[in-house]
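*Asks:* Pasting start-v5.cif here (mmCIF, C-alpha atoms and all ligand atoms):
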data_start
loop_
_atom_site.group_PDB
_atom_site.id
_atom_site.type_symbol
_atom_site.label_atom_id
_atom_site.label_comp_id
_atom_site.auth_asym_id
_atom_site.auth_seq_id
_atom_site.Cartn_x
_atom_site.Cartn_y
_atom_site.Cartn_z
ATOM 1 C CA MET L 1 -8.688 -1.098 -16.523
ATOM 2 C CA THR L 2 -5.178 -2.145 -15.410
ATOM 3 C CA ALA L 3 -4.454 -5.680 -14.167
ATOM 4 C CA VAL L 4 -4.079 -4.324 -10.622
ATOM 5 C CA GLU L 5 -7.445 -2.508 -10.785
ATOM 6 C CA ALA L 6 -9.136 -5.670 -12.088
ATOM 7 C CA HIS L 7 -7.528 -7.782 -9.366
ATOM 8 C CA TYR L 8 -8.819 -5.470 -6.627
ATOM 9 C CA GLN L 9 -12.285 -5.115 -8.200
ATOM 10 C CA ASN L 10 -12.882 -8.814 -8.809
ATOM 11 C CA HIS L 11 -10.932 -10.477 -6.069
ATOM 12 C CA LEU L 12 -9.282 -8.622 -3.236
ATOM 13 C CA ALA L 13 -11.438 -5.565 -2.476
ATOM 14 C CA PRO L 14 -14.560 -7.534 -1.411
ATOM 15 C CA VAL L 15 -12.526 -9.420 1.244
ATOM 16 C CA TYR L 16 -9.911 -6.770 2.095
ATOM 17 C CA ALA L 17 -11.566 -5.623 5.346
ATOM 18 C CA TRP L 18 -11.870 -9.271 6.436
ATOM 19 C CA MET L 19 -8.218 -9.868 5.436
ATOM 20 C CA VAL L 20 -6.992 -7.068 7.704
ATOM 21 C CA GLY L 21 -9.144 -8.187 10.651
ATOM 22 C CA GLY L 22 -11.863 -5.543 10.283
ATOM 23 C CA LEU L 23 -11.816 -1.804 9.658
ATOM 24 C CA GLU L 24 -11.294 -0.643 13.238
ATOM 25 C CA ALA L 25 -8.386 -3.115 13.657
ATOM 26 C CA ALA L 26 -6.833 -1.669 10.491
ATOM 27 C CA PHE L 27 -7.239 1.898 11.796
ATOM 28 C CA GLU L 28 -5.702 0.886 15.153
ATOM 29 C CA ALA L 29 -2.746 -0.810 13.445
ATOM 30 C CA GLY L 30 -2.278 2.254 11.242
ATOM 31 C CA ALA L 31 -2.418 4.565 14.275
ATOM 32 C CA GLU L 32 0.219 2.439 16.034
ATOM 33 C CA GLU L 33 2.486 2.605 12.991
ATOM 34 C CA LEU L 34 2.050 6.395 12.830
ATOM 35 C CA ASP L 35 2.961 6.602 16.546
ATOM 36 C CA GLU L 36 6.138 4.593 15.868
ATOM 37 C CA LEU L 37 7.026 7.058 13.134
ATOM 38 C CA ALA L 38 6.776 9.932 15.633
ATOM 39 C CA LEU L 39 5.903 12.365 12.871
ATOM 40 C CA ALA L 40 4.429 14.850 15.343
ATOM 41 C CA PRO L 41 1.522 15.751 13.064
ATOM 42 C CA ARG L 42 0.048 19.150 13.752
ATOM 43 C CA ALA L 43 -3.675 19.797 13.332
ATOM 44 C CA GLY L 44 -4.432 21.407 9.994
ATOM 45 C CA GLU L 45 -1.231 20.267 8.256
ATOM 46 C CA PHE L 46 -1.678 18.680 4.849
ATOM 47 C CA ALA L 47 -0.877 15.008 4.153
ATOM 48 C CA VAL L 48 -1.353 12.770 1.118
ATOM 49 C CA ASP L 49 -1.897 8.993 1.274
ATOM 50 C CA LEU L 50 -1.251 7.266 -2.072
ATOM 51 C CA GLY L 51 -2.854 3.854 -2.581
ATOM 52 C CA ALA L 52 -4.804 4.591 0.588
ATOM 53 C CA GLY L 53 -7.025 1.502 0.308
ATOM 54 C CA LEU L 54 -9.546 1.340 3.155
ATOM 55 C CA GLY L 55 -7.752 4.188 4.936
ATOM 56 C CA GLY L 56 -5.589 2.263 7.411
ATOM 57 C CA HIS L 57 -3.321 5.308 7.677
ATOM 58 C CA ALA L 58 -5.454 8.088 6.158
ATOM 59 C CA VAL L 59 -8.222 7.697 8.766
ATOM 60 C CA PRO L 60 -5.947 7.819 11.853
ATOM 61 C CA LEU L 61 -4.064 10.794 10.391
ATOM 62 C CA ALA L 62 -7.348 12.635 9.848
ATOM 63 C CA ARG L 63 -8.502 11.645 13.342
ATOM 64 C CA GLN L 64 -5.330 13.339 14.610
ATOM 65 C CA GLY L 65 -6.476 16.503 12.851
ATOM 66 C CA MET L 66 -4.319 16.503 9.713
ATOM 67 C CA ARG L 67 -6.055 17.457 6.455
ATOM 68 C CA VAL L 68 -5.666 14.306 4.376
ATOM 69 C CA LEU L 69 -6.010 13.631 0.667
ATOM 70 C CA ALA L 70 -6.431 9.893 0.027
ATOM 71 C CA ILE L 71 -5.950 8.592 -3.529
ATOM 72 C CA ASP L 72 -6.656 5.088 -4.774
ATOM 73 C CA SER L 73 -7.695 3.509 -8.071
ATOM 74 C CA SER L 74 -10.095 0.925 -6.576
ATOM 75 C CA GLU L 75 -13.667 2.249 -6.338
ATOM 76 C CA GLU L 76 -14.573 -0.714 -4.101
ATOM 77 C CA MET L 77 -11.895 0.227 -1.549
ATOM 78 C CA LEU L 78 -12.807 3.920 -1.793
ATOM 79 C CA SER L 79 -16.522 3.425 -1.213
ATOM 80 C CA SER L 80 -15.632 1.989 2.194
ATOM 81 C CA LEU L 81 -13.128 4.788 2.828
ATOM 82 C CA ARG L 82 -15.721 7.459 1.940
ATOM 83 C CA GLN L 83 -17.977 6.126 4.685
ATOM 84 C CA SER L 84 -15.095 6.143 7.182
ATOM 85 C CA ALA L 85 -14.205 9.716 6.117
ATOM 86 C CA VAL L 86 -17.566 11.218 7.102
ATOM 87 C CA GLU L 87 -16.967 14.132 9.497
ATOM 88 C CA LEU L 88 -13.179 13.835 9.136
ATOM 89 C CA PRO L 89 -10.894 16.288 7.283
ATOM 90 C CA LEU L 90 -10.321 13.562 4.690
ATOM 91 C CA GLN L 91 -10.821 13.996 0.950
ATOM 92 C CA VAL L 92 -11.094 10.824 -1.139
ATOM 93 C CA VAL L 93 -10.113 10.728 -4.824
ATOM 94 C CA ASN L 94 -10.352 7.866 -7.308
ATOM 95 C CA ASP L 95 -7.328 8.137 -9.589
ATOM 96 C CA ASP L 96 -4.005 6.570 -10.422
ATOM 97 C CA LEU L 97 -1.513 7.573 -7.762
ATOM 98 C CA LEU L 98 0.821 8.679 -10.563
ATOM 99 C CA ASN L 99 -1.562 11.611 -11.143
ATOM 100 C CA PHE L 100 -1.426 12.750 -7.537
ATOM 101 C CA ARG L 101 0.102 16.151 -8.292
ATOM 102 C CA SER L 102 -2.986 17.247 -10.199
ATOM 103 C CA HIS L 103 -5.061 16.807 -7.010
ATOM 104 C CA VAL L 104 -2.662 18.491 -4.613
ATOM 105 C CA PRO L 105 -3.494 22.180 -4.055
ATOM 106 C CA GLU L 106 -0.493 22.838 -1.789
ATOM 107 C CA ARG L 107 2.813 21.205 -0.862
ATOM 108 C CA PRO L 108 2.163 18.342 1.588
ATOM 109 C CA ARG L 109 4.207 18.065 4.779
ATOM 110 C CA LEU L 110 3.728 14.286 4.568
ATOM 111 C CA ILE L 111 3.308 11.803 1.729
ATOM 112 C CA LEU L 112 2.567 8.159 2.537
ATOM 113 C CA CYS L 113 2.627 5.191 0.177
ATOM 114 C CA MET L 114 2.130 2.272 2.523
ATOM 115 C CA GLY L 115 1.358 -1.422 2.648
ATOM 116 C CA ASP L 116 3.266 -2.709 -0.401
ATOM 117 C CA THR L 117 1.639 -0.270 -2.804
ATOM 118 C CA ILE L 118 4.784 0.871 -4.668
ATOM 119 C CA THR L 119 5.398 -2.712 -5.808
ATOM 120 C CA HIS L 120 2.077 -2.506 -7.728
ATOM 121 C CA LEU L 121 3.568 0.021 -10.164
ATOM 122 C CA PRO L 122 3.994 -1.415 -13.659
ATOM 123 C CA SER L 123 7.786 -1.033 -14.031
ATOM 124 C CA MET L 124 10.959 0.128 -12.310
ATOM 125 C CA ALA L 125 11.003 3.083 -14.738
ATOM 126 C CA THR L 126 7.532 4.086 -13.482
ATOM 127 C CA LEU L 127 8.696 3.739 -9.878
ATOM 128 C CA GLU L 128 11.664 5.967 -10.706
ATOM 129 C CA ARG L 129 9.310 8.568 -12.222
ATOM 130 C CA PHE L 130 7.053 8.339 -9.156
ATOM 131 C CA MET L 131 9.993 8.943 -6.761
ATOM 132 C CA THR L 132 10.970 12.053 -8.723
ATOM 133 C CA MET L 133 7.384 13.375 -8.536
ATOM 134 C CA VAL L 134 7.330 12.802 -4.772
ATOM 135 C CA ALA L 135 10.683 14.554 -4.331
ATOM 136 C CA ASN L 136 9.439 17.541 -6.332
ATOM 137 C CA ALA L 137 6.166 17.739 -4.387
ATOM 138 C CA ILE L 138 7.592 17.671 -0.854
ATOM 139 C CA PRO L 139 9.040 20.847 0.700
ATOM 140 C CA SER L 140 12.292 20.904 2.622
ATOM 141 C CA GLY L 141 11.718 19.218 6.014
ATOM 142 C CA GLY L 142 8.702 17.298 4.651
ATOM 143 C CA VAL L 143 8.554 13.528 4.986
ATOM 144 C CA PHE L 144 7.837 10.665 2.601
ATOM 145 C CA VAL L 145 7.169 7.244 4.152
ATOM 146 C CA THR L 146 6.792 4.033 2.208
ATOM 147 C CA THR L 147 6.481 0.404 3.303
ATOM 148 C CA PHE L 148 6.870 -2.532 0.945
ATOM 149 C CA ARG L 149 7.784 -6.193 0.833
ATOM 150 C CA ASP L 150 11.289 -7.134 -0.207
ATOM 151 C CA TYR L 151 10.769 -9.704 -2.980
ATOM 152 C CA SER L 152 14.346 -9.264 -4.256
ATOM 153 C CA LYS L 153 15.479 -12.664 -2.938
ATOM 154 C CA ALA L 154 13.295 -15.438 -4.356
ATOM 155 C CA LEU L 155 11.675 -17.763 -1.833
ATOM 156 C CA GLU L 156 11.898 -21.417 -2.765
ATOM 157 C CA GLY L 157 9.800 -24.576 -2.481
ATOM 158 C CA GLU L 158 6.989 -24.482 0.041
ATOM 159 C CA GLN L 159 8.135 -21.070 1.358
ATOM 160 C CA ARG L 160 6.393 -19.654 -1.751
ATOM 161 C CA PHE L 161 2.968 -20.597 -0.277
ATOM 162 C CA VAL L 162 1.874 -17.935 2.194
ATOM 163 C CA HIS L 163 -1.108 -18.346 4.501
ATOM 164 C CA VAL L 164 -2.638 -14.866 4.727
ATOM 165 C CA ARG L 165 -5.805 -15.340 6.795
ATOM 166 C CA SER L 166 -8.456 -17.945 7.534
ATOM 167 C CA ASP L 167 -11.545 -18.569 9.580
ATOM 168 C CA ALA L 168 -14.258 -21.236 9.555
ATOM 169 C CA ASP L 169 -15.689 -20.013 6.222
ATOM 170 C CA ARG L 170 -12.796 -18.520 4.287
ATOM 171 C CA ILE L 171 -9.098 -19.153 3.597
ATOM 172 C CA LEU L 172 -6.794 -16.760 1.749
ATOM 173 C CA THR L 173 -3.449 -18.100 0.543
ATOM 174 C CA CYS L 174 -0.833 -16.561 -1.798
ATOM 175 C CA PHE L 175 1.486 -18.379 -4.118
ATOM 176 C CA LEU L 176 4.553 -16.446 -5.268
ATOM 177 C CA GLU L 177 6.038 -17.141 -8.685
ATOM 178 C CA TYR L 178 9.361 -15.354 -9.222
ATOM 179 C CA GLN L 179 10.429 -13.986 -12.601
ATOM 180 C CA SER L 180 13.079 -11.551 -13.711
ATOM 181 C CA GLY L 181 12.284 -8.208 -12.047
ATOM 182 C CA VAL L 182 8.743 -9.189 -10.995
ATOM 183 C CA VAL L 183 6.911 -11.715 -8.860
ATOM 184 C CA THR L 184 3.492 -12.993 -9.888
ATOM 185 C CA VAL L 185 1.267 -13.144 -6.812
ATOM 186 C CA HIS L 186 -1.523 -15.713 -7.129
ATOM 187 C CA ASP L 187 -4.221 -15.043 -4.526
ATOM 188 C CA MET L 188 -6.250 -18.192 -3.822
ATOM 189 C CA LEU L 189 -9.523 -17.617 -2.003
ATOM 190 C CA HIS L 190 -11.453 -20.612 -0.644
ATOM 191 C CA GLU L 191 -14.960 -19.836 0.587
ATOM 192 C CA ARG L 192 -17.514 -22.098 2.199
ATOM 193 C CA ALA L 193 -21.119 -22.050 0.973
ATOM 194 C CA GLY L 194 -23.033 -24.461 3.199
ATOM 195 C CA GLU L 195 -21.376 -27.871 2.907
ATOM 196 C CA ARG L 196 -19.330 -26.959 -0.138
ATOM 197 C CA TRP L 197 -16.123 -25.001 -0.698
ATOM 198 C CA THR L 198 -15.410 -22.869 -3.759
ATOM 199 C CA MET L 199 -11.994 -21.680 -4.897
ATOM 200 C CA ARG L 200 -11.263 -18.485 -6.848
ATOM 201 C CA VAL L 201 -7.792 -17.590 -8.063
ATOM 202 C CA SER L 202 -6.579 -14.239 -9.363
ATOM 203 C CA ALA L 203 -3.019 -13.191 -10.085
ATOM 204 C CA TYR L 204 -1.141 -9.938 -10.568
ATOM 205 C CA GLN L 205 2.474 -8.880 -10.797
ATOM 206 C CA LYS L 206 4.496 -6.990 -8.248
ATOM 207 C CA LEU L 207 7.893 -5.373 -8.702
ATOM 208 C CA ARG L 208 10.890 -6.958 -6.992
ATOM 209 C CA VAL L 209 12.142 -3.666 -5.551
ATOM 210 C CA ARG L 210 15.606 -3.868 -3.979
ATOM 211 C CA PRO L 211 15.642 -1.746 -0.808
ATOM 212 C CA ASP L 212 19.291 -0.647 -1.295
ATOM 213 C CA THR L 213 18.604 0.502 -4.874
ATOM 214 C CA LEU L 214 15.561 2.484 -3.791
ATOM 215 C CA ILE L 215 17.402 4.032 -0.839
ATOM 216 C CA ALA L 216 20.295 5.128 -3.083
ATOM 217 C CA ARG L 217 17.863 6.717 -5.531
ATOM 218 C CA LEU L 218 15.921 8.523 -2.792
ATOM 219 C CA ARG L 219 19.228 9.911 -1.424
ATOM 220 C CA ASP L 220 20.139 11.123 -4.921
ATOM 221 C CA LEU L 221 16.762 12.871 -5.039
ATOM 222 C CA GLY L 222 17.590 14.864 -1.885
ATOM 223 C CA PHE L 223 16.131 12.753 0.930
ATOM 224 C CA SER L 224 17.868 11.562 4.064
ATOM 225 C CA VAL L 225 16.587 8.016 4.428
ATOM 226 C CA GLU L 226 16.084 5.896 7.522
ATOM 227 C CA HIS L 227 15.654 2.168 6.820
ATOM 228 C CA GLN L 228 13.369 0.438 9.360
ATOM 229 C CA THR L 229 11.317 -2.752 9.581
ATOM 230 C CA SER L 230 7.567 -2.342 9.978
ATOM 231 C CA GLY L 231 5.420 -4.493 12.260
ATOM 232 C CA ARG L 232 4.132 -6.528 9.305
ATOM 233 C CA GLY L 233 7.669 -7.531 8.256
ATOM 234 C CA MET L 234 7.835 -4.935 5.510
ATOM 235 C CA VAL L 235 10.708 -2.640 4.681
ATOM 236 C CA ARG L 236 9.917 0.855 5.915
ATOM 237 C CA LEU L 237 11.726 3.873 4.507
ATOM 238 C CA VAL L 238 11.312 7.167 6.330
ATOM 239 C CA CYS L 239 12.603 9.850 3.995
ATOM 240 C CA THR L 240 13.047 13.473 5.071
ATOM 241 C CA ARG L 241 13.525 16.063 2.337
ATOM 242 C CA ARG L 242 16.744 17.960 2.885
HETATM 243 C C1 LIG L 301 -1.932 -3.479 -0.596
HETATM 244 S S1 LIG L 301 -3.126 -2.191 -0.630
HETATM 245 C C2 LIG L 301 -2.489 -1.099 0.611
HETATM 246 C C3 LIG L 301 -3.544 -0.191 1.167
HETATM 247 C C4 LIG L 301 -3.087 0.748 2.302
HETATM 248 N N1 LIG L 301 -2.095 1.694 1.848
HETATM 249 C C5 LIG L 301 -2.606 -0.029 3.482
HETATM 250 O O1 LIG L 301 -1.449 0.171 3.908
HETATM 251 O O2 LIG L 301 -3.378 -0.830 4.011
HETATM 252 C C6 LIG L 301 -2.678 -1.378 -2.125
HETATM 253 C C7 LIG L 301 -3.666 -0.300 -2.551
HETATM 254 O O3 LIG L 301 -3.074 0.453 -3.596
HETATM 255 C C8 LIG L 301 -4.039 0.671 -4.609
HETATM 256 N N2 LIG L 301 -3.277 0.879 -5.850
HETATM 257 C C9 LIG L 301 -2.438 0.036 -6.470
HETATM 258 N N3 LIG L 301 -1.900 0.605 -7.551
HETATM 259 C C10 LIG L 301 -2.413 1.869 -7.616
HETATM 260 C C11 LIG L 301 -2.249 2.961 -8.507
HETATM 261 N N4 LIG L 301 -1.414 2.893 -9.550
HETATM 262 N N5 LIG L 301 -2.918 4.088 -8.254
HETATM 263 C C12 LIG L 301 -3.756 4.187 -7.191
HETATM 264 N N6 LIG L 301 -3.961 3.188 -6.320
HETATM 265 C C13 LIG L 301 -3.293 2.046 -6.531
HETATM 266 C C14 LIG L 301 -4.929 -0.551 -4.582
HETATM 267 O O4 LIG L 301 -6.194 -0.290 -5.155
HETATM 268 C C15 LIG L 301 -4.985 -0.847 -3.086
HETATM 269 O O5 LIG L 301 -6.060 -0.191 -2.467
#
Any chance you could give the structure as structure tokens?
*Replies:*
Amino acid sequence: MTAVEAHYQNHLAPVYAWMVGGLEAAFEAGAEELDELALAPRAGEFAVDLGAGLGGHAVPLARQGMRVLAIDSSEEMLSSLRQSAVELPLQVVNDDLLNFRSHVPERPRLILCMGDTITHLPSMATLERFMTMVANAIPSGGVFVTTFRDYSKALEGEQRFVHVRSDADRILTCFLEYQSGVVTVHDMLHERAGERWTMRVSAYQKLRVRPDTLIARLRDLGFSVEHQTSGRGMVRLVCTRR
């Protein structure tokens, strides 16, 4: 099991739906983001969502009638997504997103890799390989959309402590530790049990992807790239295959 898989299994997956404000809120936010993208999905077209998680984008796409393949390596996230997928044209696969081509029976009109998933890849060389696979999979006129956090400039001092979500019984905070090429994200989860609080900490590394480097590479690979900012303060790249 990779460090990312272990982090999701032991730490993040059990509270992910809470972290995003509930499943329906996540589907609504995903639907809004898809509307902003104005992709004009047509019923029956084929889309792939890589690192689909709970289905924040896969579910609204399928609700709009696209045939969606959702891939993720966290069984905990996927068991929730499978329940959401009932009666939707949404196929759920547990695998590393790097193997996506072996699950794709036809060329997708749309590939998504959203919500800071590309930064989970183990190295810049792997990200480079992934971009090439995406470019080879998408037909001319097809679209690849990715959103990710720009960790290229290191935050300092107390800026490195990020309050993610809290309520009366739970607090999730991140601490960011910057190293060369990567940032270690320490997720601290405080939970109340009666009168007492417990704290669990789990850490994993994310890539410090520079948006301009990624954009240049995607252009080299034959995409025209639009650089936007997503609602959650992430970099959003909308890449159309020439
Ligand atoms: C931050 S969540 C984003 C989920 C969703 N895309 C969203 O926007 O809400 C990242 C997801 O990517 C998955 N993931 C990370 N690395 C992966 C890999 N190499 N292969 C497949 N899934 C991966 C995690 O299990 C997790 O569900």
*Asks:* For the file shown, what are the residues hit by the PyMOL selection byres (((chain L and resi 101) around 12) and not hetatm), laid out as a compact mmCIF listing (two decimals) with C-alpha atoms, in the frame of the given file?
*Replies:*
# COMPACT_ATOMS: atom_id res chain seq x y z
CA VAL L 48 -1.35 12.77 1.12
CA LEU L 50 -1.25 7.27 -2.07
CA LEU L 69 -6.01 13.63 0.67
CA ILE L 71 -5.95 8.59 -3.53
CA ASP L 95 -7.33 8.14 -9.59
CA ASP L 96 -4.00 6.57 -10.42
CA LEU L 97 -1.51 7.57 -7.76
CA LEU L 98 0.82 8.68 -10.56
CA ASN L 99 -1.56 11.61 -11.14
CA PHE L 100 -1.43 12.75 -7.54
CA SER L 102 -2.99 17.25 -10.20
CA HIS L 103 -5.06 16.81 -7.01
CA VAL L 104 -2.66 18.49 -4.61
CA PRO L 105 -3.49 22.18 -4.06
CA GLU L 106 -0.49 22.84 -1.79
CA ARG L 107 2.81 21.20 -0.86
CA PRO L 108 2.16 18.34 1.59
CA ILE L 111 3.31 11.80 1.73
CA PHE L 130 7.05 8.34 -9.16
CA THR L 132 10.97 12.05 -8.72
CA MET L 133 7.38 13.38 -8.54
CA VAL L 134 7.33 12.80 -4.77
CA ALA L 135 10.68 14.55 -4.33
CA ASN L 136 9.44 17.54 -6.33
CA ALA L 137 6.17 17.74 -4.39
CA ILE L 138 7.59 17.67 -0.85
*Asks:* Mind giving me the straight-line distance from CA of Met124 in chain L to CA of Lys206 in chain L in Å, one decimal?
*Replies:* 10.4 Å
*Asks:* Hey, can I get the axis-aligned box for ligand LIG 301 (chain L)? All listed atoms, 8 Å padding on each side, centre and edge lengths in Å to one decimal, as lines of an AutoDock Vina configuration file.
*Replies:*
center_x = -3.8
center_y = 0.4
center_z = -2.8
size_x = 20.8
size_y = 23.7
size_z = 29.6
*Asks:* Taking the file as shown, what set of residues would the PyMOL selection byres (((chain L and resi 179-195) around 8) and not hetatm) give back, as a list in words?
*Replies:* Tyr151, Asp169, Arg170, Ile171, Leu172, Thr173, Cys174, Phe175, Leu176, Glu177, Tyr178, Arg196, Trp197, Thr198, Met199, Arg200, Val201, Ser202, Ala203, Tyr204, Gln205, Lys206, Leu207, Arg208 and Val209 of chain L
*Asks:* Produce a file of the selected residues containing C-alpha atoms, as a compact mmCIF listing (two decimals), in the coordinates of the input.
*Replies:*
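selection_8.txt written:
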# COMPACT_ATOMS: atom_id res chain seq x y z
CA TYR L 151 10.77 -9.70 -2.98
CA ASP L 169 -15.69 -20.01 6.22
CA ARG L 170 -12.80 -18.52 4.29
CA ILE L 171 -9.10 -19.15 3.60
CA LEU L 172 -6.79 -16.76 1.75
CA THR L 173 -3.45 -18.10 0.54
CA CYS L 174 -0.83 -16.56 -1.80
CA PHE L 175 1.49 -18.38 -4.12
CA LEU L 176 4.55 -16.45 -5.27
CA GLU L 177 6.04 -17.14 -8.68
CA TYR L 178 9.36 -15.35 -9.22
CA ARG L 196 -19.33 -26.96 -0.14
CA TRP L 197 -16.12 -25.00 -0.70
CA THR L 198 -15.41 -22.87 -3.76
CA MET L 199 -11.99 -21.68 -4.90
CA ARG L 200 -11.26 -18.48 -6.85
CA VAL L 201 -7.79 -17.59 -8.06
CA SER L 202 -6.58 -14.24 -9.36
CA ALA L 203 -3.02 -13.19 -10.09
CA TYR L 204 -1.14 -9.94 -10.57
CA GLN L 205 2.47 -8.88 -10.80
CA LYS L 206 4.50 -6.99 -8.25
CA LEU L 207 7.89 -5.37 -8.70
CA ARG L 208 10.89 -6.96 -6.99
CA VAL L 209 12.14 -3.67 -5.55
*Asks:* Counting all atoms listed in the file, name the residues that have an atom within 10 Å of an atom of ligand LIG 301 (chain L); the answer should be given as a ChimeraX atom specification.
*Replies:* /L:2-9,12-13,16-17,20,26-27,29-30,49-58,70-78,93-100,112-122,126,146-148,206
*Asks:* When you count only C-alpha atoms, which of these residues is closest to Phe223 in chain L: L:Pro211, L:Gly157, L:Gly44, L:Pro139?
*Replies:*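 Among L:Pro211, L:Gly157, L:Gly44, L:Pro139, it is L:Pro139 that comes nearest to Phe223 in chain L.
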*Asks:* Go through the shown structure with the PyMOL selection byres (((chain L and resi 42) around 10) and not hetatm) and write out the matching residues as a list in words.
*Replies:*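 Matching residues under the PyMOL selection byres (((chain L and resi 42) around 10) and not hetatm) are Leu39, Ala40, Pro41, Ala43, Gly44, Glu45, Phe46, Leu61, Gln64, Gly65, Met66, Arg67 and Arg109 of chain L.
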*Asks:* Which residue is closest to Arg232 in chain L? Choose from L:Leu214, L:Leu90, L:Val164, L:Leu110 and count all atoms listed in the file.
*Replies:*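 Ranked by minimum distance to Arg232 in chain L, first place goes to L:Val164.
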*Asks:* Which polymer residues have any atom within 7 Å of an atom of Arg210 in chain L, counting all atoms listed in the file, with same-chain residues fewer than 3 positions away left out, as number ranges by chain?
*Replies:* L: 150, 152, 213-214
*Asks:* Can you measure CA of Val59 in chain L to CA of Leu88 in chain L for me? One decimal in Å is fine.
*Replies:*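 Separation of CA of Val59 in chain L and CA of Leu88 in chain L: 7.9 Å.
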*Asks:* So what do you get for CA of Ser140 in chain L versus CA of Cys239 in chain L, distance-wise?
*Replies:*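 Rounded to one decimal, the two atoms are 11.1 Å apart.
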*Asks:* Counting only C-alpha atoms, which residue out of L:Leu237, L:Leu81, L:Glu24, L:Pro14 sits closest to Ala216 in chain L?
*Replies:*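 When distances to Ala216 in chain L are compared using only C-alpha atoms, the smallest one comes from L:Leu237.
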*Asks:* Calculated over all atoms listed in the file, which of the candidates L:Gly21, L:Arg129, L:Arg82, L:Glu32 has the smallest distance to Arg217 in chain L?
*Replies:*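 The answer is L:Arg129, which sits nearest to Arg217 in chain L.
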